[in-house]
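J.: If it helps, the file is called start_3.txt and holds compact mmCIF, C-alpha atoms:
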```txt
# COMPACT_ATOMS: atom_id res chain seq x y z
CA MET F 1 120.73 -121.03 168.18
CA ALA F 2 123.22 -123.23 169.93
CA THR F 3 126.16 -121.49 171.45
CA ASN F 4 128.44 -124.49 171.20
CA PRO F 5 130.89 -123.62 168.39
CA MET F 6 130.99 -127.24 167.33
CA SER F 7 127.25 -127.57 166.85
CA GLN F 8 127.54 -126.12 163.35
CA PHE F 9 129.22 -129.35 162.30
CA GLU F 10 126.41 -131.57 163.46
CA VAL F 11 124.88 -133.80 160.86
CA HIS F 12 121.15 -134.34 161.17
CA SER F 13 118.85 -136.02 158.77
CA ILE F 14 116.34 -134.09 156.75
CA GLY F 15 113.18 -135.95 155.94
CA PRO F 16 112.67 -139.64 156.55
CA LYS F 17 115.33 -141.84 158.02
CA ILE F 18 116.30 -144.47 155.51
CA GLN F 19 118.07 -147.41 157.07
CA ILE F 20 118.87 -150.66 155.35
CA GLY F 21 120.45 -153.19 157.67
CA ASN F 22 123.18 -151.40 159.51
CA PHE F 23 123.59 -148.76 156.84
CA ASP F 24 122.07 -145.33 157.07
CA PHE F 25 121.19 -143.76 153.73
CA SER F 26 119.28 -140.80 155.18
CA PHE F 27 119.39 -137.49 153.40
CA THR F 28 121.09 -135.08 155.79
CA ASN F 29 122.07 -131.43 155.86
CA SER F 30 125.47 -132.57 154.66
CA SER F 31 123.84 -134.33 151.69
CA LEU F 32 121.80 -131.22 151.02
CA PHE F 33 124.92 -129.10 150.76
CA MET F 34 126.64 -131.65 148.56
CA VAL F 35 123.64 -131.54 146.25
CA LEU F 36 123.66 -127.75 146.39
CA THR F 37 127.37 -127.65 145.59
CA VAL F 38 126.99 -129.94 142.63
CA SER F 39 123.87 -128.15 141.40
CA ILE F 40 125.50 -124.76 141.57
CA ILE F 41 128.57 -125.92 139.69
CA SER F 42 126.54 -127.80 137.08
CA LEU F 43 124.04 -125.04 136.48
CA PHE F 44 126.70 -122.37 136.36
CA PHE F 45 128.96 -124.19 133.96
CA ILE F 46 126.22 -125.53 131.73
CA GLY F 47 124.72 -122.06 131.56
CA ALA F 48 128.08 -120.43 130.99
CA THR F 49 129.02 -122.73 128.14
CA GLN F 50 125.61 -122.63 126.46
CA LYS F 51 126.47 -120.12 123.79
CA LYS F 52 130.10 -121.04 123.08
CA SER F 53 130.54 -117.61 121.57
CA LEU F 54 133.80 -116.57 119.98
CA VAL F 55 134.02 -113.50 122.15
CA PRO F 56 132.94 -114.73 125.59
CA ASP F 57 130.53 -112.87 127.82
CA LYS F 58 131.32 -112.43 131.50
CA ILE F 59 129.93 -115.75 132.69
CA GLN F 60 131.58 -117.71 129.90
CA LEU F 61 134.81 -115.92 130.69
CA ILE F 62 134.65 -117.06 134.31
CA ALA F 63 134.07 -120.65 133.21
CA GLU F 64 136.96 -120.42 130.78
CA MET F 65 139.20 -118.90 133.43
CA ALA F 66 138.47 -121.85 135.72
CA TYR F 67 139.23 -124.17 132.83
CA GLU F 68 142.50 -122.43 131.98
CA PHE F 69 143.49 -122.25 135.63
CA VAL F 70 143.12 -126.00 136.16
CA SER F 71 144.55 -126.74 132.74
CA LYS F 72 147.69 -124.75 133.55
CA MET F 73 147.95 -126.38 136.97
CA ILE F 74 147.83 -129.86 135.46
CA SER F 75 150.22 -129.22 132.61
CA GLU F 76 152.72 -127.55 134.93
CA THR F 77 152.73 -130.24 137.61
CA ALA F 78 151.79 -133.47 135.86
CA GLY F 79 152.63 -132.83 132.21
CA LYS F 80 150.87 -133.90 129.04
CA ASP F 81 150.07 -137.45 130.11
CA ALA F 82 147.68 -136.18 132.77
CA ARG F 83 145.34 -134.73 130.13
CA PRO F 84 142.79 -137.59 130.40
CA TYR F 85 142.39 -136.84 134.10
CA PHE F 86 141.54 -133.21 133.44
CA PRO F 87 137.75 -133.59 133.99
CA PHE F 88 138.37 -135.34 137.29
CA ILE F 89 140.77 -132.69 138.59
CA LEU F 90 138.43 -129.95 137.42
CA SER F 91 135.50 -131.61 139.20
CA LEU F 92 137.57 -132.08 142.32
CA PHE F 93 138.79 -128.50 142.39
CA LEU F 94 135.34 -127.06 141.76
CA PHE F 95 133.65 -129.37 144.26
CA VAL F 96 136.04 -128.50 147.07
CA LEU F 97 136.08 -124.80 146.18
CA VAL F 98 132.32 -124.38 146.00
CA ALA F 99 131.75 -126.55 149.08
CA ASN F 100 134.24 -124.39 151.00
CA LEU F 101 132.67 -121.17 149.77
CA LEU F 102 129.12 -122.31 150.46
CA GLY F 103 130.23 -123.06 153.99
CA MET F 104 131.05 -119.39 154.43
CA LEU F 105 127.36 -118.48 154.30
CA PRO F 106 125.89 -118.08 157.79
CA TYR F 107 123.74 -121.01 158.97
CA SER F 108 125.11 -123.16 156.17
CA PHE F 109 126.91 -126.45 156.50
CA THR F 110 130.48 -127.00 155.34
CA VAL F 111 130.72 -130.34 153.57
CA THR F 112 134.50 -130.28 153.60
CA SER F 113 134.72 -129.68 157.34
CA HIS F 114 134.04 -133.36 157.88
CA ILE F 115 137.03 -135.62 157.97
CA ILE F 116 135.10 -138.50 156.48
CA VAL F 117 134.26 -136.51 153.34
CA THR F 118 137.76 -135.24 152.76
CA PHE F 119 139.18 -138.63 153.65
CA ALA F 120 136.86 -140.38 151.20
CA LEU F 121 138.03 -138.02 148.44
CA ALA F 122 141.67 -138.38 149.39
CA PHE F 123 141.42 -142.14 149.72
CA PHE F 124 139.76 -142.40 146.33
CA ILE F 125 142.58 -140.30 144.85
CA PHE F 126 145.17 -142.44 146.64
CA ILE F 127 143.68 -145.69 145.30
CA GLY F 128 143.19 -144.21 141.85
CA VAL F 129 146.74 -142.89 141.63
CA THR F 130 148.15 -146.22 142.79
CA ILE F 131 146.10 -148.08 140.18
CA VAL F 132 147.23 -145.64 137.48
CA GLY F 133 150.84 -146.11 138.56
CA PHE F 134 150.71 -149.88 138.45
CA ALA F 135 148.72 -149.89 135.22
CA LYS F 136 151.27 -147.66 133.53
CA HIS F 137 154.52 -149.06 134.91
CA GLY F 138 153.57 -152.51 136.18
CA ILE F 139 155.65 -153.80 139.03
CA SER F 140 158.36 -151.22 138.33
CA TYR F 141 156.05 -148.66 139.89
CA LEU F 142 157.58 -149.87 143.14
CA LYS F 143 160.75 -148.05 142.05
CA LEU F 144 158.96 -145.00 143.40
CA PHE F 145 160.06 -146.17 146.84
CA VAL F 146 163.68 -146.61 145.79
CA PRO F 147 165.21 -143.22 145.03
CA SER F 148 168.17 -143.42 142.69
CA GLY F 149 171.62 -142.54 143.97
CA VAL F 150 171.07 -143.73 147.52
CA PRO F 151 173.81 -145.83 149.17
CA VAL F 152 172.82 -149.48 149.47
CA PHE F 153 173.16 -149.63 153.25
CA LEU F 154 170.64 -146.81 153.55
CA LEU F 155 168.11 -148.44 151.25
CA PRO F 156 166.07 -150.37 153.87
CA LEU F 157 165.59 -147.20 155.86
CA ILE F 158 164.77 -145.05 152.82
CA ILE F 159 162.28 -147.57 151.48
CA VAL F 160 160.44 -147.63 154.80
CA ILE F 161 160.38 -143.84 154.94
CA GLU F 162 159.18 -143.57 151.36
CA LEU F 163 156.51 -146.17 151.97
CA ILE F 164 155.23 -144.38 155.05
CA SER F 165 155.20 -141.06 153.26
CA TYR F 166 153.33 -142.63 150.36
CA LEU F 167 150.76 -144.31 152.60
CA SER F 168 150.21 -141.19 154.66
CA ARG F 169 149.31 -139.17 151.59
CA PRO F 170 145.55 -139.67 151.91
CA VAL F 171 145.72 -138.79 155.61
CA SER F 172 147.72 -135.62 155.13
CA LEU F 173 145.62 -134.62 152.13
CA SER F 174 142.32 -135.08 153.95
CA VAL F 175 143.37 -133.76 157.35
CA ARG F 176 144.80 -130.59 155.80
CA LEU F 177 141.50 -129.63 154.21
CA PHE F 178 139.30 -130.79 157.06
CA ALA F 179 141.38 -129.14 159.78
CA ASN F 180 141.56 -125.84 157.92
CA MET F 181 137.84 -125.75 157.36
CA MET F 182 136.93 -126.82 160.86
CA ALA F 183 139.37 -124.49 162.59
CA GLY F 184 138.30 -121.50 160.52
CA HIS F 185 134.60 -122.05 161.06
CA THR F 186 135.01 -122.77 164.76
CA MET F 187 136.99 -119.60 165.19
CA LEU F 188 134.37 -117.56 163.34
CA LYS F 189 131.69 -119.06 165.54
CA VAL F 190 133.67 -118.32 168.69
CA PHE F 191 134.14 -114.69 167.69
CA GLY F 192 130.49 -114.53 166.70
CA SER F 193 129.40 -115.73 170.14
CA PHE F 194 131.73 -113.15 171.70
CA VAL F 195 129.90 -110.47 169.77
CA VAL F 196 126.59 -111.71 171.18
CA SER F 197 127.79 -112.10 174.77
CA LEU F 198 129.63 -108.76 174.91
CA GLY F 199 126.66 -106.92 173.49
CA ILE F 200 126.45 -103.50 171.87
CA LEU F 201 129.18 -102.02 174.07
CA GLY F 202 132.02 -104.54 173.84
CA GLY F 203 131.02 -106.51 170.81
CA TRP F 204 132.67 -104.29 168.22
CA LEU F 205 136.17 -105.70 168.62
CA PRO F 206 135.19 -109.36 168.09
CA LEU F 207 132.91 -108.20 165.29
CA GLY F 208 135.89 -106.60 163.57
CA PHE F 209 137.83 -109.81 164.07
CA ALA F 210 134.97 -111.82 162.66
CA VAL F 211 134.85 -109.62 159.56
CA ALA F 212 138.61 -109.89 159.07
CA LEU F 213 138.46 -113.64 159.64
CA THR F 214 135.70 -113.93 157.06
CA GLY F 215 138.03 -112.41 154.50
CA LEU F 216 140.81 -114.72 155.58
CA GLU F 217 138.50 -117.72 155.43
CA LEU F 218 137.47 -116.86 151.88
CA LEU F 219 141.13 -116.90 150.97
CA VAL F 220 141.65 -120.17 152.83
CA ALA F 221 138.65 -121.68 151.06
CA PHE F 222 140.26 -120.97 147.71
CA ILE F 223 143.78 -121.92 148.75
CA GLN F 224 142.72 -125.23 150.25
CA ALA F 225 140.80 -126.17 147.12
CA TYR F 226 143.86 -125.24 145.08
CA VAL F 227 146.19 -127.22 147.34
CA PHE F 228 143.91 -130.22 147.25
CA ALA F 229 143.83 -130.18 143.47
CA ILE F 230 147.52 -129.47 142.99
CA LEU F 231 148.56 -132.23 145.39
CA THR F 232 146.37 -134.60 143.41
CA CYS F 233 148.22 -133.46 140.30
CA ILE F 234 151.57 -134.07 141.98
CA TYR F 235 150.55 -137.58 143.04
CA LEU F 236 149.33 -138.18 139.53
CA ASN F 237 152.65 -136.97 138.20
CA ASP F 238 154.47 -139.50 140.41
CA ALA F 239 152.24 -142.25 139.06
CA LEU F 240 152.53 -141.21 135.42
CA ASN F 241 156.13 -140.14 135.13
CA LEU F 242 157.78 -142.01 137.99
CA HIS F 243 160.10 -139.18 138.95
CA HIS F 244 162.54 -139.84 141.69
CA MET P 1 148.74 -151.49 153.81
CA PHE P 2 149.27 -152.61 157.39
CA LYS P 3 150.36 -149.15 158.33
CA PHE P 4 147.23 -147.80 156.79
CA VAL P 5 144.93 -150.18 158.63
CA THR P 6 146.52 -149.29 161.96
CA LEU P 7 146.06 -145.64 161.10
CA PHE P 8 142.44 -146.28 160.34
CA ILE P 9 141.94 -148.07 163.61
CA PHE P 10 143.71 -145.23 165.36
CA ILE P 11 141.42 -142.67 163.76
CA THR P 12 138.31 -144.69 164.61
CA SER P 13 139.29 -145.04 168.25
CA ALA P 14 140.21 -141.39 168.36
CA ALA P 15 136.81 -140.68 166.90
CA GLN P 16 135.03 -142.55 169.60
CA ALA P 17 137.07 -140.76 172.21
CA ALA P 18 136.44 -137.37 170.67
CA GLU P 19 132.73 -137.99 170.29
CA LYS P 20 132.33 -137.56 174.02
CA ALA P 21 134.34 -134.32 173.81
CA GLY P 22 131.90 -133.04 171.21
CA MET P 23 133.40 -133.19 167.73
CA PRO P 24 130.55 -134.21 165.44
CA GLN P 25 133.10 -134.99 162.70
CA LEU P 26 134.32 -137.95 164.72
CA ASN P 27 130.93 -139.49 165.24
CA PRO P 28 130.97 -142.57 163.02
CA SER P 29 127.19 -142.86 162.88
CA SER P 30 126.99 -140.19 160.19
CA TRP P 31 129.93 -141.43 158.18
CA PHE P 32 128.14 -143.88 155.97
CA THR P 33 125.47 -141.51 154.80
CA GLN P 34 128.04 -138.79 154.11
CA VAL P 35 130.23 -141.04 152.01
CA PHE P 36 127.19 -142.46 150.25
CA TRP P 37 125.90 -139.04 149.25
CA LEU P 38 129.38 -137.83 148.44
CA ILE P 39 129.79 -140.69 145.96
CA ILE P 40 126.43 -139.96 144.35
CA THR P 41 126.86 -136.20 144.11
CA PHE P 42 130.50 -136.29 143.08
CA ALA P 43 129.85 -138.94 140.45
CA PHE P 44 127.05 -136.80 139.08
CA LEU P 45 129.32 -133.74 139.03
CA TYR P 46 132.08 -135.72 137.32
CA LEU P 47 129.67 -136.91 134.63
CA VAL P 48 128.32 -133.40 134.04
CA ILE P 49 131.81 -132.00 133.73
CA LYS P 50 133.17 -134.82 131.60
CA LYS P 51 130.20 -135.12 129.24
CA ILE P 52 129.00 -131.53 128.94
CA VAL P 53 131.22 -128.86 130.44
CA PHE P 54 134.65 -130.13 129.44
CA PRO P 55 133.92 -130.76 125.74
CA ARG P 56 132.12 -127.45 125.43
CA LEU P 57 134.87 -125.46 127.10
CA SER P 58 137.73 -127.12 125.27
CA ASP P 59 135.75 -126.74 122.04
CA SER P 60 135.14 -123.05 122.43
CA ILE P 61 138.69 -122.35 123.57
CA GLU P 62 140.12 -124.37 120.73
CA GLN P 63 137.83 -122.70 118.25
CA ARG P 64 138.92 -119.33 119.49
CA ASN P 65 142.57 -120.27 119.24
CA GLU P 66 142.01 -121.54 115.72
CA HIS P 67 140.18 -118.38 114.78
CA ILE P 68 142.98 -116.27 116.18
CA SER P 69 145.69 -118.24 114.42
CA ASP P 70 143.67 -118.10 111.20
CA ASN P 71 143.43 -114.36 111.52
CA ILE P 72 147.14 -114.11 112.21
CA ASP P 73 147.89 -116.23 109.13
CA GLN P 74 145.64 -114.08 107.02
CA ALA P 75 147.25 -110.93 108.33
CA ASN P 76 150.67 -112.34 107.54
CA SER P 77 149.72 -113.25 103.98
CA ILE P 78 148.22 -109.81 103.44
CA LYS P 79 151.35 -108.28 104.83
CA ASN P 80 153.47 -110.33 102.43
CA GLN P 81 151.26 -109.29 99.55
CA ALA P 82 151.64 -105.68 100.54
CA GLU P 83 155.38 -106.14 100.73
CA GLU P 84 155.40 -107.65 97.23
CA LYS P 85 153.31 -104.82 95.90
CA TYR P 86 155.65 -102.34 97.50
CA GLN P 87 158.66 -104.02 95.90
CA GLU P 88 156.86 -103.97 92.57
CA TYR P 89 156.16 -100.30 93.04
CA LEU P 90 159.78 -99.62 93.91
CA LYS P 91 160.88 -101.49 90.80
CA LEU P 92 158.46 -99.58 88.64
CA LEU P 93 159.69 -96.36 90.08
CA SER P 94 163.35 -97.19 89.53
CA ASP P 95 162.59 -98.38 85.96
CA ALA P 96 160.81 -95.16 85.20
CA LYS P 97 163.69 -93.20 86.64
CA LYS P 98 166.16 -95.15 84.53
CA GLU P 99 164.08 -94.63 81.43
CA ALA P 100 163.86 -90.95 82.08
CA GLN P 101 167.59 -90.79 82.63
CA ASP P 102 168.20 -92.67 79.39
CA LEU P 103 165.93 -90.30 77.52
CA ILE P 104 167.71 -87.34 78.96
CA ASN P 105 171.10 -88.79 78.10
CA ASN P 106 170.08 -89.67 74.55
CA ASN P 107 168.63 -86.28 73.92
CA LYS P 108 171.71 -84.70 75.32
CA LYS P 109 173.88 -86.78 73.03
CA VAL P 110 171.76 -85.95 69.98
CA LEU P 111 171.79 -82.33 70.84
CA LEU P 112 175.52 -82.38 71.42
CA ASN P 113 176.05 -84.13 68.09
CA ASN P 114 173.89 -81.66 66.29
CA PHE P 115 175.69 -78.83 67.89
CA GLU P 116 179.03 -80.33 67.04
CA ASN P 117 178.01 -80.90 63.42
CA LYS P 118 176.64 -77.44 63.05
CA LYS P 119 179.74 -76.02 64.58
CA LYS P 120 181.95 -77.95 62.18
CA GLU P 121 179.86 -76.82 59.25
CA ILE P 122 180.01 -73.25 60.31
CA ASP P 123 183.74 -73.53 60.97
CA LYS P 124 184.27 -74.93 57.50
CA LYS P 125 182.24 -72.18 55.93
CA LEU P 126 184.10 -69.63 57.93
CA GLU P 127 187.41 -71.09 56.87
CA GLU P 128 186.39 -71.04 53.25
CA LYS P 129 185.26 -67.49 53.58
CA LEU P 130 188.49 -66.63 55.28
CA LYS P 131 190.51 -68.24 52.54
CA GLN P 132 188.58 -66.39 49.88
CA VAL P 133 188.97 -63.16 51.71
CA ASN P 134 192.70 -63.78 52.11
CA LYS P 135 192.98 -64.47 48.43
CA GLU P 136 191.09 -61.33 47.65
CA ILE P 137 193.33 -59.39 49.98
CA ASP P 138 196.41 -60.89 48.36
CA ALA P 139 195.15 -60.03 44.89
CA PHE P 140 194.28 -56.61 46.06
CA LYS P 141 197.73 -56.23 47.56
CA LYS P 142 199.47 -57.31 44.37
CA GLU P 143 197.32 -54.99 42.37
CA ALA P 144 198.00 -52.25 44.86
CA ILE P 145 201.78 -52.80 44.62
CA SER P 146 201.77 -52.71 40.84
CA ASN P 147 199.55 -49.64 40.98
CA ILE P 148 201.95 -48.09 43.42
CA ASN P 149 204.76 -48.52 40.88
CA ASN P 150 202.75 -46.85 38.20
CA ILE P 151 201.65 -44.06 40.48
CA SER P 152 205.20 -43.62 41.78
CA THR P 153 206.52 -43.44 38.17
CA GLU P 154 203.92 -40.84 37.28
CA ILE P 155 204.69 -38.85 40.42
CA ALA P 156 208.42 -39.09 39.83
CA LYS P 157 208.04 -37.99 36.16
CA GLU P 158 205.79 -35.10 37.25
CA LEU P 159 208.29 -34.12 39.95
CA VAL P 160 211.27 -34.17 37.59
CA THR P 161 209.35 -32.24 34.95
CA THR P 162 208.22 -29.58 37.36
CA VAL P 163 211.61 -29.28 39.07
CA THR P 164 213.98 -29.53 36.12
CA ASN P 165 211.74 -28.80 33.21
CA ILE P 166 213.18 -31.80 31.48
CA ASN P 167 210.92 -34.20 29.81
CA VAL P 168 211.78 -37.56 31.16
CA ASN P 169 210.87 -40.54 29.22
CA SER P 170 208.67 -42.84 31.11
CA ALA P 171 210.74 -45.99 30.62
CA SER P 172 213.82 -44.76 32.44
CA ALA P 173 211.73 -43.27 35.20
CA ASN P 174 209.94 -46.50 35.59
CA SER P 175 213.20 -48.48 35.94
CA ILE P 176 214.45 -46.09 38.63
CA VAL P 177 211.22 -46.30 40.57
CA ASP P 178 211.32 -50.07 40.30
CA GLU P 179 214.80 -50.16 41.72
CA VAL P 180 213.99 -47.84 44.64
CA SER P 181 210.75 -49.52 45.47
CA LYS P 182 212.45 -52.93 45.41
CA LYS P 183 215.06 -51.59 47.85
CA TYR P 184 212.34 -50.15 50.13
CA LEU P 185 210.05 -53.13 49.92
CA LYS P 186 212.98 -55.34 50.80
CA GLY P 187 213.64 -53.23 53.86
CA LEU P 188 209.96 -53.34 54.70
CA ASN P 189 209.83 -57.01 54.24
```
Starting from the coordinates I provided, produce the structure as C-alpha cells.

T.:
Amino acid sequence: MATNPMSQFEVHSIGPKIQIGNFDFSFTNSSLFMVLTVSIISLFFIGATQKKSLVPDKIQLIAEMAYEFVSKMISETAGKDARPYFPFILSLFLFVLVANLLGMLPYSFTVTSHIIVTFALAFFIFIGVTIVGFAKHGISYLKLFVPSGVPVFLLPLIIVIELISYLSRPVSLSVRLFANMMAGHTMLKVFGSFVVSLGILGGWLPLGFAVALTGLELLVAFIQAYVFAILTCIYLNDALNLHH
Amino acid sequence: MFKFVTLFIFITSAAQAAEKAGMPQLNPSSWFTQVFWLIITFAFLYLVIKKIVFPRLSDSIEQRNEHISDNIDQANSIKNQAEEKYQEYLKLLSDAKKEAQDLINNNKKVLLNNFENKKKEIDKKLEEKLKQVNKEIDAFKKEAISNINNISTEIAKELVTTVTNINVNSASANSIVDEVSKKYLKGLN
C-alpha cells in the first residue's frame, strides 16, 4: 500500500489499453466505479419500484423518499416549469451521492474527486441551462445580465460582473464538489497513515480522528450531492423564469 | 466565452504544473477516458431513470394520492349521509314528541269538557232539587202556620174553659188568636 495520500486518486487502466489515435478509451478504476455507481442506483431503484404497492415496503419507501426529496427541491427552487428536467436532476443527485458514498469505502476510488468528472458534469449543466434559456426566451435571455433598477452609468460594470459570475458557474460548481471530495479523502488517508506510523501506542488519537472524520465525510458526501443538485435547480430557474 | 477559454487554458497549465507535484487529478492523460466513461455511464443512468424509475415512482405515488383522496371523499360522503340520517332521526323524534303532546292536550281538553258538562248537569240537578226542596219547605211552613193558628185557637179555648169555666165559641177565639199571631208574626218578621 502506497503511503502517499494522493495515490488513492490515481487512475490506472484495468484490462487492455484501448487507444484510437490520440484518444484513450481504456477501462480504468474510475470507469469501474462509475459503472458500479450506475449499477447500484439502477438495480436498487428498479428493484424498489418493482411492486408499486399501495403501502410501500422499506425499500420502496426509500426510493419514494429520494423521489419526494428531489421533487420538493425542484419545485421549491425552480418551480413548475422545471418538471421536465426532473429525471435529469434525480439522476444527477443520485449519481453524485452514490459516487461520493462509494468513495467512502476503504480501497475504493472516488469518481467525484476528479476535477475532470465534476467539470464535465458542471459544463454539461452550464451548456444545457444556457440552451434552455435561449430556447425559452430567445435573445431576451441576455436580460439575465442586466439587473433591473440599476443606474445606467453602472450598467457596463454590472454587465461585466454578471457575465463573469455566469461564466464561472461551471468552475465553481465543479471545483466545490471536487475539492470537498479530494480534501476529505486526503485528510482521511493522512490520519490513516498516522495510525500506521504511530503504531499500537500512539495510534489511537489519529484513529479517533479518522473515525470522526469518516462521519463528517459521510455528511459531506450527502451535502455536496445536495448542493450540486440544488445549484443546478437554481441555474435552471434562472434560465426558465429569468428572475433578476 | 473568451473568459472561459482563458480559464480553461489556466486550468490546463495549472494541471501540468501540479502533475509534477503529484496530483493525479491534474494529469490530463486520464481525462479523456474519464469523460468518455462518464458520458456512457451517466447516459445509461439517465435512460434508466427516465424510462423506468421515474414513471414507476410517479405512478405509484400518484396512485397512492388518488387512493387517499378517494378514501377521503368516500369518508366525507358517508359522514354527510350520517349527518342526514341524524337530522332525520331528530325530526322524527320531535314529530313524535309533538304528536304525543297533541294527544295529551286533546285528551286533557276532552276530559275537561266532560268534567265541565258533568258538573253543569249535576249543578242543574242540584238546583232543581234545591228548588223543589225549598218549595216543599215553603208549603210545609204555610201548612205549619195555619196549623199553628188552629192549635193556638184550640189551646186558647181550652185555657179559657179551664180557667173561667166559660164555654167560648170557637169563632171569637179564632179571631183573637189570629189578631195576636199576626201581631207576633209581624214582630218576628

J.: Write out as a tab-separated table a residue-level contact list of chain F versus chain P with cut-off 6 Å: for each qualifying residue the closest pair of atoms and the distance in Å to one decimal, counting only C-alpha atoms, rows sorted by chain and residue number upward.

T.:
```
residue	atom	partner	partner_atom	distance
F:Phe9	CA	P:Pro24	CA	5.9
F:Glu10	CA	P:Pro24	CA	5.3
F:Asp24	CA	P:Thr33	CA	5.6
F:Phe25	CA	P:Thr33	CA	5.0
F:Ser31	CA	P:Trp37	CA	5.7
F:Val38	CA	P:Leu45	CA	5.7
F:Lys52	CA	P:Ser60	CA	5.5
F:Leu54	CA	P:Arg64	CA	5.8
F:Pro87	CA	P:Lys50	CA	5.3
F:Ser91	CA	P:Tyr46	CA	5.7
F:His114	CA	P:Gln25	CA	5.2
```

J.: Would you pick out the contacts of Val227 (chain F) at 10 Å or less, using all atoms listed in the file, so that residues sharing its chain but fewer than 6 positions from it are not included, and give the list as a list in words?

T.: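 Contacts, with the query itself left out: Phe93, Leu173, Arg176, Leu177 and Cys233 of chain F.
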
J.: Would you kindly return, as a list in words, each protein, DNA or RNA residue with an atom no farther than 9 Å from any atom of Leu218 (chain F), considering only C-alpha atoms and excluding same-chain residues fewer than 6 positions away?

T.: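 The filter keeps Asn100, Leu101 and Met104 of chain F.
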
J.: Could you write out that same residue set with C-alpha atoms as a compact mmCIF listing (two decimals), keeping the file's coordinate frame?

T.:
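Below you can see again.txt, which holds the result:
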```txt
# COMPACT_ATOMS: atom_id res chain seq x y z
CA ASN F 100 134.24 -124.39 151.00
CA LEU F 101 132.67 -121.17 149.77
CA MET F 104 131.05 -119.39 154.43
```

J.: So, with only C-alpha atoms as the atoms that count, which of F:Ile115, F:Arg83, F:Leu144, F:Tyr235 lies closest to Arg169 (chain F)?

T.: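 Ranked by minimum distance to Arg169 (chain F), first place goes to F:Tyr235.
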
J.: Could you list, as an MDAnalysis selection string, every residue within 12 Å of Leu94 (chain F), counting all atoms listed in the file and ignoring same-chain residues fewer than 5 positions away?

T.: (chainID F and resid 34 37:42 44:45 63 66:67 69:70 87:89 99:102 221:222 224:226 228:229) or (chainID P and resid 42 45:46 49)

J.: Between CA of Leu213 (chain F) and CA of Gly184 (chain F), what is the distance, to one decimal in Å?

T.: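 Spanning CA of Leu213 (chain F) to CA of Gly184 (chain F) is a straight-line distance of 7.9 Å.
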
J.: Can you list, as an NGL selection string, every protein, DNA or RNA residue that comes within 9 Å of Val129 (chain F) when you count all atoms listed in the file, leaving out same-chain residues fewer than 2 positions away?

T.: :F and (124-127 or 131-134 or 232 or 235-236 or 238-240)

J.: Restricting it to C-alpha atoms, dump the selection as a PDB file, in the coordinates of the input.

T.:
```pdb
ATOM      1  CA  PHE F 124     139.760-142.400 146.330  1.00  0.00           C
ATOM      2  CA  ILE F 125     142.580-140.300 144.850  1.00  0.00           C
ATOM      3  CA  PHE F 126     145.170-142.440 146.640  1.00  0.00           C
ATOM      4  CA  ILE F 127     143.680-145.690 145.300  1.00  0.00           C
ATOM      5  CA  ILE F 131     146.100-148.080 140.180  1.00  0.00           C
ATOM      6  CA  VAL F 132     147.230-145.640 137.480  1.00  0.00           C
ATOM      7  CA  GLY F 133     150.840-146.110 138.560  1.00  0.00           C
ATOM      8  CA  PHE F 134     150.710-149.880 138.450  1.00  0.00           C
ATOM      9  CA  THR F 232     146.370-134.600 143.410  1.00  0.00           C
ATOM     10  CA  TYR F 235     150.550-137.580 143.040  1.00  0.00           C
ATOM     11  CA  LEU F 236     149.330-138.180 139.530  1.00  0.00           C
ATOM     12  CA  ASP F 238     154.470-139.500 140.410  1.00  0.00           C
ATOM     13  CA  ALA F 239     152.240-142.250 139.060  1.00  0.00           C
ATOM     14  CA  LEU F 240     152.530-141.210 135.420  1.00  0.00           C
TER      15      LEU F 240
END
```

J.: Can you pull out every residue within 9 Å of Asn149 (chain P), counting all atoms listed in the file, but drop anything in the same chain fewer than 2 positions away, and send it as a ChimeraX atom specification?

T.: /P:144-147,151-154,174,177-178,181

J.: I'd like the interatomic distance between CA of Ile230 (chain F) and CA of Asn29 (chain F), to a tenth of an Å.

T.: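 It comes out at 28.6 Å.
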
J.: In Å to one decimal, how far is CA of Ile234 (chain F) from CA of Thr77 (chain F)?

T.: 5.9 Å

J.: Tell me which of F:Thr49, F:Ser168, F:Met182, F:Ile223 sits closest to Phe109 (chain F), counting all atoms listed in the file.

T.: F:Met182

J.: So for region 141-160 of chain F, what box centre and size do we get, axis-aligned, 4 Å extra on each of the six sides, every listed atom, Å to one decimal, as AutoDock Vina command-line options?

T.:
```
--center_x 164.9 --center_y -146.5 --center_z 147.9 --size_x 25.8 --size_y 15.8 --size_z 24.0
```
